[in-house]
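Data block for target_22.txt (compact mmCIF, C-alpha atoms):
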```
# COMPACT_ATOMS: atom_id res chain seq x y z
CA MET A 16 -34.21 158.28 -98.32
CA LYS A 17 -31.39 155.84 -99.10
CA GLN A 18 -32.30 153.07 -101.53
CA ILE A 19 -32.05 149.42 -100.50
CA LYS A 20 -29.61 147.48 -102.68
CA VAL A 21 -31.16 144.50 -104.47
CA SER A 22 -29.48 141.44 -105.99
CA PHE A 23 -31.32 139.48 -108.69
CA VAL A 24 -30.10 135.88 -108.73
CA ILE A 25 -30.64 133.90 -111.95
CA PRO A 26 -29.74 130.19 -112.16
CA ALA A 27 -29.52 129.13 -115.80
CA HIS A 28 -29.07 125.82 -117.62
CA ASN A 29 -29.23 125.96 -121.44
CA GLU A 30 -31.63 128.92 -121.55
CA GLU A 31 -30.54 130.47 -124.87
CA LYS A 32 -34.12 130.69 -126.18
CA ILE A 33 -35.52 132.68 -123.26
CA ILE A 34 -32.91 134.21 -120.95
CA GLY A 35 -32.40 137.25 -123.20
CA LYS A 36 -35.96 138.39 -122.40
CA ALA A 37 -35.41 138.10 -118.65
CA LEU A 38 -32.11 140.01 -118.84
CA SER A 39 -33.46 142.71 -121.19
CA ASN A 40 -36.25 143.35 -118.71
CA LEU A 41 -33.79 143.82 -115.83
CA TYR A 42 -31.53 145.98 -117.98
CA LYS A 43 -34.39 148.52 -118.16
CA LEU A 44 -35.18 148.42 -114.44
CA PRO A 45 -35.81 152.03 -113.24
CA TYR A 46 -33.92 151.53 -109.99
CA GLU A 47 -30.44 152.68 -109.06
CA LYS A 48 -29.06 150.17 -106.58
CA TYR A 49 -29.31 146.71 -108.04
CA GLU A 50 -27.18 143.97 -109.58
CA VAL A 51 -27.92 140.87 -111.65
CA LEU A 52 -25.95 137.68 -110.96
CA ILE A 53 -26.27 134.85 -113.48
CA GLY A 54 -25.11 131.34 -112.63
CA LEU A 55 -24.39 129.15 -115.65
CA ASP A 56 -25.22 125.62 -114.57
CA GLY A 57 -23.24 123.42 -116.96
CA CYS A 58 -24.56 125.20 -120.07
CA THR A 59 -23.71 123.70 -123.44
CA ASP A 60 -25.59 126.17 -125.64
CA SER A 61 -25.31 129.95 -126.19
CA THR A 62 -26.50 131.00 -122.72
CA GLU A 63 -23.01 132.11 -121.71
CA LYS A 64 -22.67 134.25 -124.85
CA ILE A 65 -25.95 136.02 -124.04
CA ALA A 66 -24.97 136.58 -120.40
CA LYS A 67 -21.59 137.91 -121.50
CA SER A 68 -23.23 140.41 -123.86
CA PHE A 69 -25.20 141.94 -120.98
CA SER A 70 -22.17 142.05 -118.70
CA SER A 71 -20.40 143.98 -121.47
CA LYS A 72 -23.25 146.50 -121.66
CA SER A 73 -23.59 147.09 -117.92
CA LYS A 74 -21.47 146.58 -114.81
CA ARG A 75 -24.67 145.61 -112.99
CA PHE A 76 -24.58 142.25 -114.78
CA LYS A 77 -22.13 139.53 -113.73
CA TYR A 78 -22.08 135.90 -114.77
CA PHE A 79 -20.36 132.87 -113.30
CA ASN A 80 -19.71 129.63 -115.17
CA LEU A 81 -20.07 126.70 -112.79
CA LYS A 82 -19.00 124.26 -115.56
CA THR A 83 -20.66 121.15 -114.06
CA ARG A 84 -24.42 120.53 -113.80
CA ALA A 85 -25.07 121.22 -110.12
CA GLY A 86 -28.81 121.99 -110.03
CA LYS A 87 -30.73 125.11 -109.07
CA PRO A 88 -30.23 125.11 -105.24
CA GLU A 89 -26.44 124.79 -105.60
CA VAL A 90 -26.33 127.61 -108.14
CA VAL A 91 -28.53 129.84 -105.98
CA ASP A 92 -26.28 129.18 -102.98
CA TYR A 93 -23.17 130.00 -105.03
CA LEU A 94 -24.63 133.29 -106.25
CA ILE A 95 -26.07 134.46 -102.94
CA LYS A 96 -22.65 134.10 -101.31
CA ARG A 97 -21.35 136.58 -103.92
CA ALA A 98 -24.32 138.94 -103.85
CA LYS A 99 -23.81 142.46 -102.48
CA GLY A 100 -27.48 143.36 -102.11
CA ASP A 101 -29.39 143.56 -98.84
CA ILE A 102 -32.38 141.99 -100.59
CA ILE A 103 -32.20 138.83 -102.72
CA ILE A 104 -34.67 138.19 -105.54
CA ILE A 105 -34.50 134.74 -107.13
CA ASN A 106 -35.44 135.24 -110.78
CA ASP A 107 -35.78 132.03 -112.82
CA ALA A 108 -34.54 132.35 -116.39
CA ASP A 109 -38.07 131.90 -117.74
CA TRP A 110 -39.55 134.67 -115.57
CA ILE A 111 -39.80 138.43 -116.06
CA PHE A 112 -39.87 140.76 -113.07
CA ARG A 113 -42.85 142.86 -114.15
CA PHE A 114 -43.23 146.39 -112.80
CA LYS A 115 -45.61 149.21 -113.69
CA ASP A 116 -43.31 152.20 -113.19
CA LYS A 117 -40.55 153.68 -111.04
CA ASN A 118 -42.87 154.70 -108.22
CA SER A 119 -44.51 151.29 -107.87
CA LEU A 120 -41.08 149.68 -107.80
CA LYS A 121 -39.85 152.08 -105.11
CA LYS A 122 -42.98 151.44 -103.04
CA PHE A 123 -42.51 147.69 -103.38
CA PHE A 124 -38.98 147.77 -101.95
CA MET A 125 -40.04 150.21 -99.23
CA VAL A 126 -41.73 147.23 -97.54
CA PHE A 127 -38.30 146.32 -96.22
CA ARG A 128 -38.06 149.61 -94.32
CA ASN A 129 -39.92 147.65 -91.67
CA GLU A 130 -37.08 145.75 -89.99
CA LYS A 131 -39.44 143.00 -88.83
CA ILE A 132 -40.25 141.97 -92.41
CA GLY A 133 -37.86 139.29 -93.61
CA GLY A 134 -39.38 138.36 -96.95
CA ILE A 135 -42.19 138.65 -99.49
CA ALA A 136 -43.88 135.40 -100.49
CA GLU A 137 -45.31 134.59 -103.92
CA SER A 138 -48.62 136.49 -104.10
CA PHE A 139 -49.88 135.08 -107.41
CA PRO A 140 -48.63 132.31 -109.71
CA VAL A 141 -46.13 133.43 -112.34
CA GLU A 142 -48.59 132.11 -114.94
CA TRP A 143 -51.39 134.34 -113.61
CA ASP A 144 -51.44 137.05 -116.26
CA GLU A 145 -54.75 138.02 -117.86
CA ASN A 146 -53.12 138.86 -121.20
CA LYS A 147 -51.54 135.40 -121.44
CA LEU A 148 -54.59 133.51 -120.19
CA GLU A 149 -56.56 134.52 -123.26
CA LEU A 150 -53.99 133.13 -125.71
CA ALA A 151 -52.35 130.32 -123.75
CA ASN A 152 -52.87 126.63 -124.42
CA ILE A 153 -55.04 124.44 -122.20
CA TRP A 154 -52.19 123.12 -120.03
CA TYR A 155 -50.92 126.61 -119.31
CA LYS A 156 -54.43 127.45 -118.08
CA VAL A 157 -54.47 124.29 -115.96
CA VAL A 158 -51.28 125.43 -114.19
CA ALA A 159 -52.40 129.06 -113.89
CA TYR A 160 -55.80 128.31 -112.36
CA GLY A 161 -54.61 125.44 -110.18
CA ASN A 162 -51.81 127.48 -108.63
CA TYR A 163 -54.06 130.54 -108.33
CA PHE A 164 -56.56 128.70 -106.13
CA TRP A 165 -53.80 126.90 -104.24
CA ILE A 166 -52.30 130.24 -103.18
CA LYS A 167 -55.76 131.76 -102.61
CA SER A 168 -56.64 128.97 -100.19
CA GLN A 169 -53.51 129.65 -98.17
CA LYS A 170 -54.15 133.41 -98.13
CA GLU A 171 -57.62 132.85 -96.70
CA ASN A 172 -56.53 130.27 -94.11
CA PHE A 173 -53.07 131.32 -93.01
CA THR A 174 -52.72 135.10 -93.38
CA GLU A 175 -53.97 138.20 -91.59
CA LYS A 176 -54.57 141.43 -93.49
CA VAL A 177 -52.84 144.51 -92.06
CA GLY A 178 -53.16 147.62 -94.21
CA ASP A 179 -52.12 146.96 -97.82
CA LEU A 180 -50.40 143.67 -96.97
CA SER A 181 -51.27 140.30 -95.50
CA TYR A 182 -48.98 138.77 -92.89
CA ILE A 183 -48.39 135.02 -92.92
CA LYS A 184 -49.50 133.50 -89.60
CA GLU A 185 -47.87 130.12 -90.23
CA PRO A 186 -45.52 129.01 -93.03
CA ALA A 187 -47.94 126.50 -94.61
CA MET A 188 -46.83 126.02 -98.26
CA PHE A 189 -45.93 129.62 -99.14
CA LEU A 190 -43.00 130.19 -101.50
CA THR A 191 -40.50 132.91 -100.59
CA ASN A 192 -38.08 134.05 -103.29
CA ILE A 193 -37.69 137.70 -102.19
CA PHE A 194 -35.95 138.04 -98.84
CA ARG A 195 -33.23 139.68 -96.76
CA LYS A 196 -29.83 138.20 -97.51
CA LYS A 197 -28.92 138.05 -93.82
CA PHE A 198 -31.67 135.47 -93.26
CA TYR A 199 -30.47 133.15 -96.01
CA GLU A 200 -29.62 129.60 -94.97
CA LYS A 201 -28.05 127.10 -97.31
CA ASN A 202 -30.75 124.69 -98.35
CA LEU A 203 -30.24 122.14 -101.10
CA SER A 204 -33.64 120.45 -101.02
CA LEU A 205 -36.12 120.63 -103.89
CA GLY A 206 -38.37 122.59 -101.53
CA ASP A 207 -35.90 125.38 -100.81
CA ASP A 208 -38.51 128.10 -101.41
CA PHE A 209 -40.94 126.37 -98.99
CA GLU A 210 -38.24 125.98 -96.37
CA ARG A 211 -37.09 129.58 -96.74
CA THR A 212 -40.48 130.72 -95.46
CA ARG A 213 -40.07 128.51 -92.40
CA ASP A 214 -36.47 129.61 -91.80
CA ILE A 215 -37.43 133.29 -91.67
CA LYS A 216 -40.54 132.72 -89.54
CA ASN A 217 -38.53 130.56 -87.13
CA LYS A 218 -36.15 133.49 -86.62
CA GLY A 219 -39.08 135.56 -85.42
CA PHE A 220 -39.47 137.72 -88.53
CA GLU A 221 -42.46 138.30 -90.76
CA ILE A 222 -43.27 137.11 -94.28
CA VAL A 223 -45.80 139.27 -96.10
CA ILE A 224 -47.92 138.71 -99.16
CA SER A 225 -49.80 141.13 -101.38
CA ASN A 226 -53.41 140.93 -102.49
CA GLU A 227 -52.88 143.25 -105.47
CA GLU A 228 -52.18 141.61 -108.84
CA ASN A 229 -50.43 144.68 -110.27
CA ILE A 230 -47.62 144.90 -107.73
CA PRO A 231 -44.10 144.25 -109.07
CA ARG A 232 -43.85 140.46 -109.35
CA MET A 233 -42.60 137.62 -111.48
CA ILE A 234 -44.50 136.75 -114.66
CA ALA A 235 -43.84 133.75 -116.91
CA ILE A 236 -42.10 134.41 -120.24
CA TYR A 237 -43.77 131.37 -121.80
CA ASP A 238 -47.46 130.99 -122.72
CA GLU A 239 -47.48 127.31 -123.58
CA ILE A 240 -47.00 124.28 -121.32
CA ARG A 241 -47.03 120.59 -122.23
CA LEU A 242 -48.85 117.97 -120.14
CA ASN A 243 -45.64 115.97 -119.83
CA ASP A 244 -43.87 118.99 -118.33
CA ILE A 245 -46.62 119.54 -115.75
CA LEU A 246 -46.34 115.91 -114.68
CA LYS A 247 -42.55 116.14 -114.37
CA GLN A 248 -42.87 119.29 -112.30
CA LYS A 249 -45.44 117.64 -110.03
CA ILE A 250 -43.21 114.60 -109.54
CA ARG A 251 -40.44 117.01 -108.54
CA THR A 252 -42.83 118.77 -106.14
CA GLY A 253 -43.77 115.39 -104.71
CA VAL A 254 -40.10 114.57 -104.12
CA ALA A 255 -39.68 117.96 -102.42
CA ARG A 256 -42.55 117.20 -100.07
CA ASN A 257 -41.07 113.80 -99.29
CA GLN A 258 -37.83 115.56 -98.38
CA LEU A 259 -39.76 117.92 -96.09
CA ASP A 260 -41.55 114.97 -94.47
CA LYS A 261 -38.19 113.40 -93.64
CA LYS A 262 -37.18 116.65 -91.94
CA GLY A 263 -40.22 116.39 -89.69
CA GLU A 264 -42.38 118.98 -91.44
CA ASN A 265 -46.09 118.17 -91.18
CA ILE A 266 -47.33 119.46 -94.53
CA LYS A 267 -50.07 116.90 -95.19
CA LYS A 268 -52.65 119.06 -93.39
CA TYR A 269 -51.89 121.94 -95.76
CA GLN A 270 -52.17 119.71 -98.80
CA PHE A 271 -55.54 118.35 -97.64
CA SER A 272 -57.05 121.74 -96.75
CA SER A 273 -55.88 123.40 -99.97
CA GLY A 274 -56.96 120.44 -102.10
CA THR A 275 -60.43 120.52 -100.54
CA TYR A 276 -60.62 124.28 -101.07
CA ILE A 277 -59.78 123.90 -104.77
CA MET A 278 -62.38 121.16 -105.32
CA VAL A 279 -65.13 123.29 -103.77
CA ASN A 280 -64.27 126.91 -104.57
CA SER A 281 -62.69 126.86 -108.02
CA TRP A 282 -66.12 126.25 -109.63
CA LYS A 283 -67.43 129.52 -108.19
CA MET A 284 -65.39 131.49 -110.73
CA GLY A 285 -66.95 129.49 -113.58
CA PHE A 286 -66.98 126.06 -115.20
CA SER A 287 -63.64 126.53 -116.99
CA SER A 288 -61.78 127.62 -113.85
CA GLY A 289 -63.21 124.65 -111.95
CA LEU A 290 -62.27 122.22 -114.72
CA TYR A 291 -58.71 123.56 -115.09
CA SER A 292 -58.12 123.70 -111.33
CA ASN A 293 -59.35 120.19 -110.68
CA LEU A 294 -57.31 118.81 -113.59
CA TRP A 295 -54.28 120.46 -111.96
CA LEU A 296 -55.19 118.86 -108.64
CA LEU A 297 -55.51 115.43 -110.27
CA ILE A 298 -52.09 115.76 -111.94
CA THR A 299 -50.62 116.93 -108.61
CA ILE A 300 -51.96 113.81 -106.88
CA ILE A 301 -50.64 111.52 -109.63
CA GLY A 302 -47.23 113.23 -109.49
CA GLY A 303 -47.14 112.81 -105.71
CA ILE A 304 -47.92 109.09 -106.00
CA ILE A 305 -45.17 108.57 -108.59
CA ALA A 306 -42.74 110.51 -106.40
CA LYS A 307 -43.30 108.04 -103.56
CA PHE A 308 -41.68 105.32 -105.69
CA LYS A 309 -38.81 107.40 -107.08
CA ARG A 310 -35.45 107.43 -105.37
CA THR A 311 -34.60 110.91 -106.56
CA ASP A 312 -32.22 113.33 -104.88
CA THR A 313 -32.15 117.10 -105.39
CA LYS A 314 -29.68 117.03 -108.26
CA GLN A 315 -31.67 114.39 -110.16
CA GLY A 316 -34.91 116.19 -109.33
CA TRP A 317 -33.83 119.33 -111.16
CA LEU A 318 -33.47 117.29 -114.33
CA LEU A 319 -37.30 117.05 -114.25
CA ARG A 320 -37.67 120.50 -115.75
CA ALA A 321 -39.54 121.93 -118.69
CA LYS A 322 -37.66 122.77 -121.87
CA ARG A 323 -38.86 126.19 -122.94
CA LYS A 324 -39.20 127.02 -126.63
```
Encoding of this model in structure tokens:
Amino acid sequence: MKQIKVSFVIPAHNEEKIIGKALSNLYKLPYEKYEVLIGLDGCTDSTEKIAKSFSSKSKRFKYFNLKTRAGKPEVVDYLIKRAKGDIIIINDADWIFRFKDKNSLKKFFMVFRNEKIGGIAESFPVEWDENKLELANIWYKVVAYGNYFWIKSQKENFTEKVGDLSYIKEPAMFLTNIFRKKFYEKNLSLGDDFERTRDIKNKGFEIVISNEENIPRMIAIYDEIRLNDILKQKIRTGVARNQLDKKGENIKKYQFSSGTYIMVNSWKMGFSSGLYSNLWLLITIIGGIIAKFKRTDTKQGWLLRAKRK
């Protein structure tokens, strides 16, 4: 059966310390029909040199220097317009696309043999990795557990299990970064991954989500997070939700139901998971309050990003 062509899209701004790991991982991908497009977003370090080295080793890798600092959504838009794959996978520079073997990878992409499926939403947080959770610092665990229960609450409330997959009944706050290129719509908000879920559902197509942790998925390269970086990220998320509110999206009900779920259910896994998850929820609320008073557009919002070591 003919393979589906896949385009990995990597926006990158001064990622010299980490991007090599993401690219090395894709270089070893046991799949025939794929390409890797790297967008250099006003880089002033050695990121371009690293991207160039991979493009020299393989024709699958191509990089584009955008010169000016445009921000992630602009870079993603630029790359998708040049992508040749039927399926787009947005791969942040600090993520690794983890896969078990060739067969699991093939099975993963076979989901798109169903023409009604338009995308695959984030099934687990990128930080949710048992090996990392043992060694990671406290703030990494706060993010991992908080996001884990946030996604779990949405799975239980807004999906329906059919076979090995769950189908999203309503967009809620699901993040979609794996999708059919033909359904892509230019979106320059800070909530582009939220809105992508809505765009595909509004076209009458399905978004699915997996309940298996070991499926091919994105895993964080890093194992340490600083409190200041979590707060910046949550301010950015708050700005994104403000942008969605202005577009008429009623997301407050999802925030309330998921927040309540976390406060009640995270303790059932143990004291530590409850403590980490509720700390995450508190920081999320604080970030949202700060975002209400910030006049931040998308370009400025992407400056609120973590600097990976």
Write out as a ChimeraX atom specification the residues lying within 10 Å of Glu185 (chain A), counting only C-alpha atoms and excluding same-chain residues fewer than 5 positions away. /A:169,172-174,212-213,216-217,221-222
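Among the candidates A:Asp244, A:Asp144, A:Asp179, A:Asp116, the one nearest to Pro45 (chain A) when counting all atoms listed in the file is A:Asp116.
Residue nearest Ile132 (chain A) within the list A:Thr275, A:Ser181, A:Thr83, A:Gln248: A:Ser181 [criterion: smallest interatomic distance, only C-alpha atoms].
Between CA of Ala108 (chain A) and CA of Thr191 (chain A) the interatomic distance comes to 16.9 Å.
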At a cut-off of 10 Å from (-51.1, 114.0, -111.3) in the coordinates of the file, what residues are picked up using only C-alpha atoms, written as a count of residues only? 20
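For the choices A:Ile234, A:Val157, A:Leu205, A:Ile95, the atom-to-atom distance to Pro140 (chain A) is smallest for A:Ile234 when using all atoms listed in the file.
Take the candidates A:Leu52, A:Ile215, A:Ala37, A:Leu44 and check each one against Val24 (chain A) using only C-alpha atoms; the shortest distance goes to A:Leu52.
The spacing separating CA of Ser292 (chain A) from CA of Trp154 (chain A) amounts to 10.5 Å.
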Nearest residue to Ser204 (chain A) from the set A:Asp56, A:Lys262, A:Glu149, A:Pro26 (distances using only C-alpha atoms): A:Lys262
Close residues, Arg84 (chain A) itself excluded, 9 Å, all atoms listed in the file, min 6 positions apart in chain, as a VMD selection string: chain A and resid 28 55 to 58 314
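Residues near the point (-24.7, 132.9, -97.0), at a distance of 12 Å or less over only C-alpha atoms, make up Glu89, Val91, Asp92, Tyr93, Leu94, Ile95, Lys96, Arg97, Ala98, Lys99, Gly100, Asp101, Ile103, Arg195, Lys196, Lys197, Phe198, Tyr199, Glu200, Lys201 and Asn202 of chain A.
Distances here use all atoms listed in the file; by that measure, the residue among A:Ala85, A:Ala255, A:Ile266, A:Ile104 closest to Leu41 (chain A) is A:Ile104.
Here CA of Lys20 (chain A) is placed at a distance of 15.7 Å from CA of Ile135 (chain A).
Summary of the local environment: counting all atoms listed in the file, residues at most 12 Å from Asp60 (chain A), other than itself and those fewer than 3 positions away along its chain, are A:Ala27, A:His28, A:Asn29, A:Glu30, A:Glu31, A:Lys32, A:Ile34, A:Leu55, A:Asp56, A:Gly57, A:Glu63, A:Lys64, A:Ile65, A:Ala66.
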